[in-house]
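Undergrad: Contents are mmCIF, C-alpha atoms; file name protein-v6.cif:
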data_upload
#
loop_
_atom_site.label_atom_id
_atom_site.label_comp_id
_atom_site.auth_asym_id
_atom_site.auth_seq_id
_atom_site.Cartn_x
_atom_site.Cartn_y
_atom_site.Cartn_z
CA MET A 89 0.37 -9.31 12.30
CA HIS A 90 -2.31 -8.83 9.63
CA THR A 91 -2.53 -5.38 8.08
CA SER A 92 -4.79 -3.78 5.51
CA ASP A 93 -4.92 -0.74 3.24
CA THR A 94 -7.84 1.22 1.95
CA VAL A 95 -8.29 0.58 -1.75
CA THR A 96 -7.31 4.21 -2.43
CA LEU A 97 -3.65 3.23 -2.03
CA PRO A 98 -3.50 0.67 -4.86
CA ARG A 99 -5.92 2.79 -6.88
CA PHE A 100 -3.45 5.69 -6.67
CA VAL A 101 -0.78 3.52 -8.31
CA LEU A 102 -3.19 2.23 -10.95
CA ARG A 103 -4.48 5.68 -11.84
CA HIS A 104 -1.02 7.03 -12.44
CA ALA A 105 0.11 3.85 -14.21
CA ALA A 106 -2.54 4.59 -16.83
CA ARG A 107 -0.99 8.02 -17.37
CA VAL A 108 2.30 6.47 -18.41
CA GLY A 109 0.64 4.06 -20.82
CA ILE A 110 0.41 0.93 -18.64
CA ASP A 111 -2.89 -0.97 -18.62
CA PRO A 112 -4.19 -0.55 -15.03
CA HIS A 113 -6.61 -3.49 -15.31
CA ARG A 114 -3.82 -5.89 -16.25
CA LEU A 115 -1.62 -4.48 -13.50
CA ALA A 116 -4.40 -4.95 -10.95
CA ARG A 117 -4.97 -8.57 -11.99
CA GLN A 118 -1.26 -9.32 -11.75
CA ALA A 119 -1.25 -7.96 -8.20
CA GLY A 120 -4.31 -10.03 -7.23
CA LEU A 121 -6.71 -7.06 -7.10
CA PRO A 122 -10.06 -7.76 -8.85
CA ASP A 123 -11.42 -4.96 -11.04
CA TRP A 124 -14.60 -4.71 -8.99
CA LEU A 125 -12.61 -4.19 -5.80
CA ALA A 126 -10.33 -1.61 -7.41
CA ALA A 127 -13.44 0.38 -8.32
CA ALA A 128 -14.88 0.31 -4.79
CA ASP A 129 -14.83 3.47 -2.70
CA THR A 130 -14.47 2.23 0.87
CA ALA A 131 -13.12 -1.32 0.58
CA ARG A 132 -9.92 -2.41 2.29
CA VAL A 133 -7.44 -4.88 0.84
CA ALA A 134 -4.48 -6.91 2.06
CA SER A 135 -1.37 -4.78 2.46
CA ASP A 136 0.75 -6.90 0.12
CA ILE A 137 -1.10 -5.52 -2.93
CA TYR A 138 0.27 -1.97 -2.65
CA PRO A 139 3.99 -2.89 -2.66
CA ARG A 140 3.35 -5.49 -5.35
CA LEU A 141 1.83 -2.83 -7.60
CA TRP A 142 4.91 -0.62 -7.19
CA GLU A 143 7.08 -3.60 -8.16
CA LEU A 144 4.98 -4.33 -11.23
CA LEU A 145 4.88 -0.68 -12.27
CA THR A 146 8.66 -0.46 -12.03
CA HIS A 147 9.06 -3.64 -14.07
CA GLU A 148 6.48 -2.72 -16.70
CA SER A 149 7.86 0.80 -17.20
CA GLY A 150 11.50 -0.32 -17.23
CA ASP A 151 12.21 2.71 -15.05
CA PRO A 152 13.86 2.04 -11.65
CA ASP A 153 12.70 5.49 -10.51
CA ALA A 154 9.08 5.07 -11.65
CA THR A 155 7.78 5.43 -8.08
CA LEU A 156 9.30 8.88 -7.65
CA ARG A 157 8.04 9.99 -11.04
CA VAL A 158 4.50 8.87 -10.21
CA LEU A 159 4.65 10.69 -6.88
CA GLY A 160 5.37 13.87 -8.77
CA GLU A 161 1.78 13.67 -10.07
CA TYR A 162 0.20 13.44 -6.60
CA ARG A 163 -2.27 16.17 -5.66
CA LEU A 164 -3.43 16.93 -2.15
CA GLY A 165 -6.85 15.41 -1.54
CA GLU A 166 -6.35 12.16 -3.47
CA PHE A 167 -6.52 10.24 -0.19
CA GLY A 168 -9.73 11.89 0.97
CA LEU A 169 -10.33 12.27 4.70
CA PHE A 170 -6.74 11.40 5.59
CA ASP A 171 -5.34 14.23 3.44
CA TYR A 172 -7.86 16.73 4.80
CA LEU A 173 -7.10 15.80 8.41
CA ILE A 174 -3.48 16.74 7.74
CA SER A 175 -3.97 19.75 5.49
CA THR A 176 -6.49 21.59 7.69
CA ALA A 177 -4.02 21.72 10.62
CA GLU A 178 -2.68 25.20 11.40
CA THR A 179 1.05 24.64 10.99
CA LEU A 180 3.38 22.23 9.26
CA TYR A 181 4.33 20.63 12.57
CA ASP A 182 0.65 20.18 13.49
CA GLY A 183 0.02 18.57 10.12
CA LEU A 184 2.93 16.13 10.36
CA THR A 185 2.07 15.09 13.90
CA ALA A 186 -1.53 14.47 12.77
CA ILE A 187 -0.41 11.75 10.36
CA ASN A 188 0.17 8.90 12.79
CA PRO A 189 -3.08 9.16 14.81
CA TYR A 190 -5.10 9.00 11.58
CA ILE A 191 -2.92 6.87 9.31
CA GLY A 192 -5.23 3.92 9.93
CA ALA A 193 -7.71 5.72 7.68
CA VAL A 194 -5.55 4.63 4.74
CA SER A 195 -3.35 1.83 6.10
CA THR A 196 -2.59 -0.21 9.19
CA ASN A 197 0.72 -1.19 7.59
CA PHE A 198 2.53 2.10 8.30
CA ARG A 199 3.44 4.24 11.30
CA PHE A 200 4.75 7.80 11.07
CA GLU A 201 6.22 9.11 14.32
CA ALA A 202 8.34 11.96 15.60
CA GLY A 203 12.00 10.92 15.69
CA VAL A 204 15.17 12.76 16.68
CA GLN A 205 14.50 16.38 17.69
CA THR A 206 17.13 19.12 18.11
CA GLU A 207 16.93 22.88 18.52
CA THR A 208 17.21 23.41 14.76
CA GLU A 209 15.95 20.19 13.18
CA SER A 210 13.07 17.77 13.60
CA SER A 211 12.95 14.26 12.16
CA PHE A 212 9.96 12.01 11.50
CA ASP A 213 10.31 8.24 11.09
CA LEU A 214 8.32 6.01 8.77
CA HIS A 215 7.86 2.38 9.86
CA MET A 216 6.45 -0.34 7.62
CA ILE A 217 5.13 -3.53 9.21
CA ASN A 218 4.54 -6.04 6.39
CA ALA A 219 6.46 -6.13 3.09
CA GLU A 220 9.71 -7.50 1.80
CA GLY A 221 12.35 -6.78 -0.82
CA LEU A 222 11.84 -4.27 -3.60
CA GLY A 223 8.16 -3.78 -2.82
CA ARG A 224 9.05 -2.61 0.67
CA GLU A 225 11.69 -0.19 -0.62
CA LEU A 226 9.32 1.32 -3.17
CA SER A 227 6.48 1.60 -0.64
CA VAL A 228 8.76 3.45 1.77
CA GLN A 229 9.81 5.77 -1.05
CA SER A 230 6.15 6.43 -1.75
CA GLY A 231 5.33 7.02 1.92
CA LEU A 232 8.11 9.54 2.46
CA GLY A 233 7.58 11.04 -0.98
CA LEU A 234 3.91 11.72 -0.23
CA VAL A 235 4.87 13.45 3.01
CA VAL A 236 7.30 15.74 1.17
CA SER A 237 4.74 16.53 -1.52
CA ARG A 238 2.04 17.29 1.06
CA VAL A 239 4.38 19.69 2.85
CA ARG A 240 5.01 21.66 -0.33
CA GLN A 241 1.34 21.83 -1.24
CA MET A 242 0.09 22.65 2.26
CA THR A 243 2.51 25.54 2.74
CA GLY A 244 2.37 26.77 -0.83
CA ARG A 245 6.15 26.98 -0.83
CA GLY A 246 8.95 24.91 -2.28
CA ILE A 247 10.04 23.67 1.13
CA ASP A 248 12.57 20.85 0.92
CA PRO A 249 13.67 18.54 3.72
CA VAL A 250 17.12 18.97 5.22
CA ARG A 251 17.88 15.27 4.99
CA MET A 252 16.38 11.93 3.96
CA SER A 253 17.31 8.51 5.36
CA PHE A 254 16.44 5.15 3.81
CA GLN A 255 17.04 1.62 5.05
CA GLN A 256 17.35 0.38 1.47
CA ARG A 257 20.66 -0.05 -0.31
CA ALA A 258 21.91 2.90 -2.32
CA PRO A 259 20.64 2.96 -5.92
CA ARG A 260 23.09 3.16 -8.80
CA SER A 261 22.14 6.78 -9.32
CA HIS A 262 20.89 9.27 -6.74
CA ALA A 263 19.75 11.77 -9.37
CA ALA A 264 16.01 11.01 -9.19
CA PHE A 265 16.10 11.12 -5.38
CA VAL A 266 17.88 14.48 -5.33
CA ASP A 267 15.48 15.85 -7.92
CA TYR A 268 12.35 14.72 -6.12
CA PHE A 269 13.28 15.31 -2.48
CA GLY A 270 15.23 18.50 -3.16
CA THR A 271 18.21 17.57 -1.03
CA ALA A 272 21.53 15.89 -1.75
CA ASP A 273 21.86 14.85 1.90
CA LEU A 274 20.66 11.28 1.37
CA GLU A 275 21.61 8.37 3.61
CA PHE A 276 21.09 4.81 2.39
CA GLY A 277 21.50 1.68 4.49
CA ALA A 278 20.32 3.78 7.41
CA PHE A 279 18.96 2.51 10.71
CA ARG A 280 15.52 3.99 9.96
CA ASN A 281 13.49 5.59 7.20
CA SER A 282 13.05 9.26 8.00
CA VAL A 283 12.59 12.80 6.77
CA THR A 284 14.14 15.79 8.54
CA TYR A 285 12.95 19.41 8.38
CA ARG A 286 14.18 22.68 9.84
CA VAL A 287 12.31 23.65 12.99
CA ALA A 288 11.76 27.11 11.52
CA ASP A 289 9.96 25.56 8.54
CA LEU A 290 7.75 23.48 10.82
CA GLU A 291 6.31 26.66 12.29
CA LEU A 292 5.03 27.85 8.91
CA PRO A 293 1.23 28.10 8.58
CA HIS A 294 -0.67 26.05 6.06
CA VAL A 295 -2.35 27.83 3.18
CA THR A 296 -4.94 25.07 3.56
CA ALA A 297 -5.42 25.62 7.32
CA ASP A 298 -9.00 25.56 8.57
CA PRO A 299 -9.19 25.08 12.36
CA MET A 300 -12.99 24.78 12.46
CA LEU A 301 -13.08 22.19 9.68
CA ALA A 302 -10.13 20.39 11.29
CA ALA A 303 -12.08 20.03 14.54
CA VAL A 304 -15.11 18.64 12.69
CA LEU A 305 -13.01 16.18 10.67
CA ARG A 306 -11.17 14.93 13.74
CA ARG A 307 -14.41 14.31 15.60
CA HIS A 308 -15.67 12.44 12.54
CA ALA A 309 -12.48 10.39 12.28
CA ALA A 310 -12.60 9.52 15.98
CA ALA A 311 -16.15 8.19 15.57
CA LEU A 312 -15.29 5.91 12.66
CA PRO A 313 -15.06 2.18 13.39
CA PRO A 314 -11.51 0.81 13.47
CA PRO A 315 -10.30 -0.68 10.20
CA PRO A 316 -10.59 -4.45 9.88
CA PRO A 317 -7.29 -6.28 10.41
CA ARG A 318 -7.49 -7.82 6.97
CA ALA A 319 -9.77 -7.87 3.94
CA THR A 320 -8.63 -9.83 0.88
CA GLU A 321 -7.29 -12.85 2.77
CA TRP A 322 -4.77 -15.35 1.47
CA PRO A 323 -7.15 -18.33 1.77
CA ASP A 324 -9.66 -16.50 -0.46
CA ARG A 325 -6.99 -15.67 -3.03
CA VAL A 326 -5.69 -19.23 -3.00
CA ALA A 327 -9.22 -20.62 -3.42
CA THR A 328 -9.77 -18.41 -6.47
CA ALA A 329 -6.45 -19.47 -8.01
CA LEU A 330 -7.02 -23.17 -7.27
CA ALA A 331 -10.42 -23.10 -8.97
CA GLY A 332 -8.69 -22.29 -12.23
CA VAL A 333 -5.91 -24.88 -12.14
CA LEU A 334 -7.26 -28.03 -10.48
CA ASP A 335 -7.67 -29.81 -13.83
CA GLU A 336 -4.75 -28.13 -15.56
CA SER A 337 -1.64 -28.66 -13.46
CA ASP A 338 0.11 -31.52 -11.69
CA GLN A 339 2.23 -29.03 -9.72
CA LEU A 340 -0.54 -27.15 -7.99
CA LEU A 341 1.56 -25.38 -5.35
CA GLU A 342 4.05 -24.02 -7.86
CA GLU A 343 1.31 -22.97 -10.30
CA VAL A 344 -0.83 -21.22 -7.68
CA ALA A 345 2.23 -19.46 -6.26
CA ARG A 346 3.13 -18.29 -9.76
CA ARG A 347 -0.37 -16.94 -10.33
CA LEU A 348 -0.26 -15.06 -7.05
CA TYR A 349 3.23 -13.70 -7.82
CA THR A 350 4.89 -15.22 -4.80
CA SER A 351 7.04 -18.22 -3.91
CA PRO A 352 5.67 -21.59 -2.75
CA ARG A 353 7.35 -21.14 0.63
CA THR A 354 5.90 -17.65 1.14
CA LEU A 355 2.48 -18.87 0.04
CA GLN A 356 2.53 -21.65 2.63
CA ARG A 357 3.67 -19.20 5.30
CA ARG A 358 0.83 -16.78 4.50
CA LEU A 359 -1.69 -19.58 4.78
CA ALA A 360 -0.24 -20.67 8.12
CA GLU A 361 -0.54 -17.07 9.36
CA SER A 362 -4.21 -17.20 8.34
CA GLY A 363 -4.81 -20.35 10.38
CA THR A 364 -4.89 -22.88 7.57
CA THR A 365 -2.55 -25.03 5.44
CA TRP A 366 -1.90 -25.63 1.77
CA ARG A 367 -3.13 -29.23 1.99
CA LEU A 368 -6.36 -28.17 3.69
CA GLU A 369 -7.04 -25.52 1.02
CA VAL A 370 -6.44 -28.06 -1.77
CA ASP A 371 -8.84 -30.52 -0.13
CA ARG A 372 -11.48 -27.80 0.18
CA ALA A 373 -11.00 -26.78 -3.46
CA ARG A 374 -11.38 -30.38 -4.65
CA LYS A 375 -14.53 -30.83 -2.56
CA ARG A 376 -16.04 -27.66 -4.05
CA HIS A 377 -15.06 -28.84 -7.52
CA LEU A 378 -16.65 -32.25 -6.96
CA GLU A 379 -19.87 -30.65 -5.66
CA GLN A 380 -20.09 -28.58 -8.83
CA LEU A 381 -19.71 -31.69 -10.99
CA THR A 382 -22.19 -33.82 -9.02
CA PRO A 383 -25.83 -33.25 -10.01
CA ASP A 384 -28.17 -32.12 -7.24
CA PRO A 385 -31.18 -34.54 -7.33
CA ALA A 386 -33.43 -32.07 -5.55
CA ALA A 387 -32.57 -29.31 -7.99
CA ALA A 388 -33.19 -31.67 -10.93
CA GLN A 389 -36.62 -32.57 -9.57
CA ARG A 390 -37.50 -28.90 -9.17
CA ARG A 391 -36.51 -28.20 -12.79
CA GLU A 392 -38.64 -31.16 -13.99
CA ALA A 393 -41.62 -29.89 -11.99
CA LEU A 394 -41.39 -26.57 -13.81
#
Kindly present the structure from the file in structure tokens form.
TA:
Amino acid sequence: MHTSDTVTLPRFVLRHAARVGIDPHRLARQAGLPDWLAAADTARVASDIYPRLWELLTHESGDPDATLRVLGEYRLGEFGLFDYLISTAETLYDGLTAINPYIGAVSTNFRFEAGVQTETESSFDLHMINAEGLGRELSVQSGLGLVVSRVRQMTGRGIDPVRMSFQQRAPRSHAAFVDYFGTADLEFGAFRNSVTYRVADLELPHVTADPMLAAVLRRHAAALPPPPPRATEWPDRVATALAGVLDESDQLLEEVARRLYTSPRTLQRRLAESGTTWRLEVDRARKRHLEQLTPDPAAAQRREAL
């Protein structure tokens, strides 16, 4: 299944990377995000860029908890319409249940749904569709971390979750998790990724509540066209990478995979999912290269006529 994110997701990582002294332009290039696209306001990009940026940020900073530290800088409103759809709801419960219907405004790669409910506690589960390894773990941390931060800012209180559950393996130290999420009740290697709040807290009103504005925003969101299933496609990224290495490398597959920060096997799988093959893309690249080298007689005649 192809998924996409609005460019505000990777731009959030890049903006905060700059604050810790990491060159955001270099980070974007390493993740396969062109500068012009990172600067766009409404563009959507392939969902593999966001987790890749978290991976790169963690590596560049040398801090395994860099994601949680960056999330500490998040301010309500950074994700535009999506944030306002949540924050204008009347209560915390209304805000959290508004996330899933409108999450497509920022990503089709996540789902956020009500989970286990009891008389005293209410859990919400975060599902991620496409991502693997460390990038997936860090993206889940960011997703749940943003929920927790929104809750605190929308209620104007230091409300902490009762419990957090993560599918990832336990880190060497839980200190950064306890500090950020405000609870020591952390489960790793769990069946699902989730955040649990007290039912009493979910009834708290938002300091940002605005029922009239909420109604207007929801009508606006409902009228928006659905997000495209994909934007920056693998064949396009491969074509760009191939153009730079056709005359430089005898091991094209390995070199292109290296430039796209993936493995040859994963690269071939992504192309197959996009309805093409590595061999076909190489043939197309060589044809384009040959056309660029071969003079166009008609164009030459036009230049002579001038």
Undergrad: For the structure shown, which residues end up in the PyMOL selection byres ((chain A and resi 141) around 10)? Put them as a PDB file with C-alpha atoms, in the coordinates of the input, please?
TA:
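In the end it all went to result28.pdb:
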ATOM      1  CA  LEU A  97      -3.650   3.230  -2.030  1.00  0.00           C
ATOM      2  CA  PRO A  98      -3.500   0.670  -4.860  1.00  0.00           C
ATOM      3  CA  ARG A  99      -5.920   2.790  -6.880  1.00  0.00           C
ATOM      4  CA  VAL A 101      -0.780   3.520  -8.310  1.00  0.00           C
ATOM      5  CA  LEU A 102      -3.190   2.230 -10.950  1.00  0.00           C
ATOM      6  CA  ALA A 105       0.110   3.850 -14.210  1.00  0.00           C
ATOM      7  CA  PRO A 112      -4.190  -0.550 -15.030  1.00  0.00           C
ATOM      8  CA  LEU A 115      -1.620  -4.480 -13.500  1.00  0.00           C
ATOM      9  CA  ALA A 116      -4.400  -4.950 -10.950  1.00  0.00           C
ATOM     10  CA  ARG A 117      -4.970  -8.570 -11.990  1.00  0.00           C
ATOM     11  CA  GLN A 118      -1.260  -9.320 -11.750  1.00  0.00           C
ATOM     12  CA  ALA A 119      -1.250  -7.960  -8.200  1.00  0.00           C
ATOM     13  CA  GLY A 120      -4.310 -10.030  -7.230  1.00  0.00           C
ATOM     14  CA  LEU A 121      -6.710  -7.060  -7.100  1.00  0.00           C
ATOM     15  CA  ASP A 136       0.750  -6.900   0.120  1.00  0.00           C
ATOM     16  CA  ILE A 137      -1.100  -5.520  -2.930  1.00  0.00           C
ATOM     17  CA  TYR A 138       0.270  -1.970  -2.650  1.00  0.00           C
ATOM     18  CA  PRO A 139       3.990  -2.890  -2.660  1.00  0.00           C
ATOM     19  CA  ARG A 140       3.350  -5.490  -5.350  1.00  0.00           C
ATOM     20  CA  TRP A 142       4.910  -0.620  -7.190  1.00  0.00           C
ATOM     21  CA  GLU A 143       7.080  -3.600  -8.160  1.00  0.00           C
ATOM     22  CA  LEU A 144       4.980  -4.330 -11.230  1.00  0.00           C
ATOM     23  CA  LEU A 145       4.880  -0.680 -12.270  1.00  0.00           C
ATOM     24  CA  THR A 146       8.660  -0.460 -12.030  1.00  0.00           C
ATOM     25  CA  HIS A 147       9.060  -3.640 -14.070  1.00  0.00           C
ATOM     26  CA  GLY A 223       8.160  -3.780  -2.820  1.00  0.00           C
ATOM     27  CA  LEU A 226       9.320   1.320  -3.170  1.00  0.00           C
ATOM     28  CA  SER A 227       6.480   1.600  -0.640  1.00  0.00           C
TER      29      SER A 227
END
Undergrad: Using only C-alpha atoms, which residue out of A:Tyr172, A:Phe167, A:Trp322, A:Tyr285 lies closest to Ser211 (chain A)?
TA: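 Closest to Ser211 (chain A), using only C-alpha atoms: A:Tyr285.
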Undergrad: On this structure, which residues satisfy the PyMOL selection byres ((chain A and resi 133) around 12), written as a PDB file with C-alpha atoms, keeping the file's coordinate frame?
TA:
ATOM      1  CA  HIS A  90      -2.310  -8.830   9.630  1.00  0.00           C
ATOM      2  CA  THR A  91      -2.530  -5.380   8.080  1.00  0.00           C
ATOM      3  CA  SER A  92      -4.790  -3.780   5.510  1.00  0.00           C
ATOM      4  CA  ASP A  93      -4.920  -0.740   3.240  1.00  0.00           C
ATOM      5  CA  THR A  94      -7.840   1.220   1.950  1.00  0.00           C
ATOM      6  CA  VAL A  95      -8.290   0.580  -1.750  1.00  0.00           C
ATOM      7  CA  THR A  96      -7.310   4.210  -2.430  1.00  0.00           C
ATOM      8  CA  LEU A  97      -3.650   3.230  -2.030  1.00  0.00           C
ATOM      9  CA  PRO A  98      -3.500   0.670  -4.860  1.00  0.00           C
ATOM     10  CA  ARG A  99      -5.920   2.790  -6.880  1.00  0.00           C
ATOM     11  CA  ALA A 119      -1.250  -7.960  -8.200  1.00  0.00           C
ATOM     12  CA  GLY A 120      -4.310 -10.030  -7.230  1.00  0.00           C
ATOM     13  CA  LEU A 121      -6.710  -7.060  -7.100  1.00  0.00           C
ATOM     14  CA  PRO A 122     -10.060  -7.760  -8.850  1.00  0.00           C
ATOM     15  CA  LEU A 125     -12.610  -4.190  -5.800  1.00  0.00           C
ATOM     16  CA  ALA A 126     -10.330  -1.610  -7.410  1.00  0.00           C
ATOM     17  CA  ALA A 128     -14.880   0.310  -4.790  1.00  0.00           C
ATOM     18  CA  ASP A 129     -14.830   3.470  -2.700  1.00  0.00           C
ATOM     19  CA  THR A 130     -14.470   2.230   0.870  1.00  0.00           C
ATOM     20  CA  ALA A 131     -13.120  -1.320   0.580  1.00  0.00           C
ATOM     21  CA  ARG A 132      -9.920  -2.410   2.290  1.00  0.00           C
ATOM     22  CA  ALA A 134      -4.480  -6.910   2.060  1.00  0.00           C
ATOM     23  CA  SER A 135      -1.370  -4.780   2.460  1.00  0.00           C
ATOM     24  CA  ASP A 136       0.750  -6.900   0.120  1.00  0.00           C
ATOM     25  CA  ILE A 137      -1.100  -5.520  -2.930  1.00  0.00           C
ATOM     26  CA  TYR A 138       0.270  -1.970  -2.650  1.00  0.00           C
ATOM     27  CA  VAL A 194      -5.550   4.630   4.740  1.00  0.00           C
ATOM     28  CA  SER A 195      -3.350   1.830   6.100  1.00  0.00           C
ATOM     29  CA  THR A 196      -2.590  -0.210   9.190  1.00  0.00           C
ATOM     30  CA  ASN A 197       0.720  -1.190   7.590  1.00  0.00           C
ATOM     31  CA  PRO A 315     -10.300  -0.680  10.200  1.00  0.00           C
ATOM     32  CA  PRO A 316     -10.590  -4.450   9.880  1.00  0.00           C
ATOM     33  CA  PRO A 317      -7.290  -6.280  10.410  1.00  0.00           C
ATOM     34  CA  ARG A 318      -7.490  -7.820   6.970  1.00  0.00           C
ATOM     35  CA  ALA A 319      -9.770  -7.870   3.940  1.00  0.00           C
ATOM     36  CA  THR A 320      -8.630  -9.830   0.880  1.00  0.00           C
ATOM     37  CA  GLU A 321      -7.290 -12.850   2.770  1.00  0.00           C
ATOM     38  CA  TRP A 322      -4.770 -15.350   1.470  1.00  0.00           C
ATOM     39  CA  ASP A 324      -9.660 -16.500  -0.460  1.00  0.00           C
ATOM     40  CA  ARG A 325      -6.990 -15.670  -3.030  1.00  0.00           C
TER      41      ARG A 325
END
Undergrad: Considering only C-alpha atoms, return as a PyMOL selection string whatever protein or nucleic-acid residues lie within 10 Å of Leu184 (chain A), sequence-local ones (same chain, fewer than 2 positions apart) excluded.
TA: chain A and resi 174-175+177+179-182+186-188+200-202+212+235+238-239+290
Undergrad: Report the distance between CA of Pro293 (chain A) and CA of Arg251 (chain A) in Å, rounded to one decimal place.
TA: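 Atom-to-atom, CA of Pro293 (chain A) and CA of Arg251 (chain A) are spaced 21.3 Å apart.
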Undergrad: Give me the residues within 7 Å of region 300-302 of chain A as a PDB file with C-alpha atoms, in the frame of the given file, counting all atoms listed in the file and dropping any in the same chain fewer than 4 places off.
TA:
ATOM      1  CA  LEU A 173      -7.100  15.800   8.410  1.00  0.00           C
ATOM      2  CA  THR A 176      -6.490  21.590   7.690  1.00  0.00           C
ATOM      3  CA  ALA A 177      -4.020  21.720  10.620  1.00  0.00           C
ATOM      4  CA  ARG A 306     -11.170  14.930  13.740  1.00  0.00           C
TER       5      ARG A 306
END
Undergrad: Could you pull the residues within 10 Å of region 341-345 of chain A, counting all atoms listed in the file, minus those fewer than 6 positions along the same chain, as an NGL selection string?
TA: :A and (325-334 or 351-356 or 366-367 or 370)
Undergrad: What does the distance between CA of Asp151 (chain A) and CA of Pro249 (chain A) come to in Å, to one decimal place?
TA: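 Here the two named atoms are 24.6 Å from each other.
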Undergrad: Residues near Gly246 (chain A), anyone? I mean within 12 Å using only C-alpha atoms, not counting same-chain ones fewer than 2 positions away, as a PyMOL selection string.
TA: chain A and resi 236-244+248-249+268-271+289
Undergrad: Quick one: pull the distance between CA of Ala127 (chain A) and CA of Ile110 (chain A), Å, one decimal.
TA: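 About the pair CA of Ala127 (chain A) and CA of Ile110 (chain A): they are 17.3 Å apart.
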Undergrad: Find the residues around Val158 (chain A) up to 8 Å (all atoms listed in the file counted), leave out those fewer than 3 positions away in its own chain, and share them as a PyMOL selection string.
TA: chain A and resi 101+104-105+154-155+161-162
Undergrad: Go ahead and write the selection's residues with C-alpha atoms as a PDB file, in the frame of the given file.
TA:
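Final output, saved to out-v4.pdb:
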ATOM      1  CA  VAL A 101      -0.780   3.520  -8.310  1.00  0.00           C
ATOM      2  CA  HIS A 104      -1.020   7.030 -12.440  1.00  0.00           C
ATOM      3  CA  ALA A 105       0.110   3.850 -14.210  1.00  0.00           C
ATOM      4  CA  ALA A 154       9.080   5.070 -11.650  1.00  0.00           C
ATOM      5  CA  THR A 155       7.780   5.430  -8.080  1.00  0.00           C
ATOM      6  CA  GLU A 161       1.780  13.670 -10.070  1.00  0.00           C
ATOM      7  CA  TYR A 162       0.200  13.440  -6.600  1.00  0.00           C
TER       8      TYR A 162
END
Undergrad: Give the answer as one residue: which of A:Gln256, A:Glu220, A:Arg245, A:Arg199 has the shortest atom-to-atom distance to His294 (chain A), using only C-alpha atoms?
TA: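 Result for the nearest residue to His294 (chain A): A:Arg245.
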Undergrad: For region 211-230 of chain A, I'd like the enclosing box, axis-aligned and padded by 6 Å on every side, reported as JSON with centre and edge lengths in Å to one decimal.
TA:
{"center_x": 8.7, "center_y": 3.4, "center_z": 4.3, "size_x": 20.4, "size_y": 33.8, "size_z": 27.8}
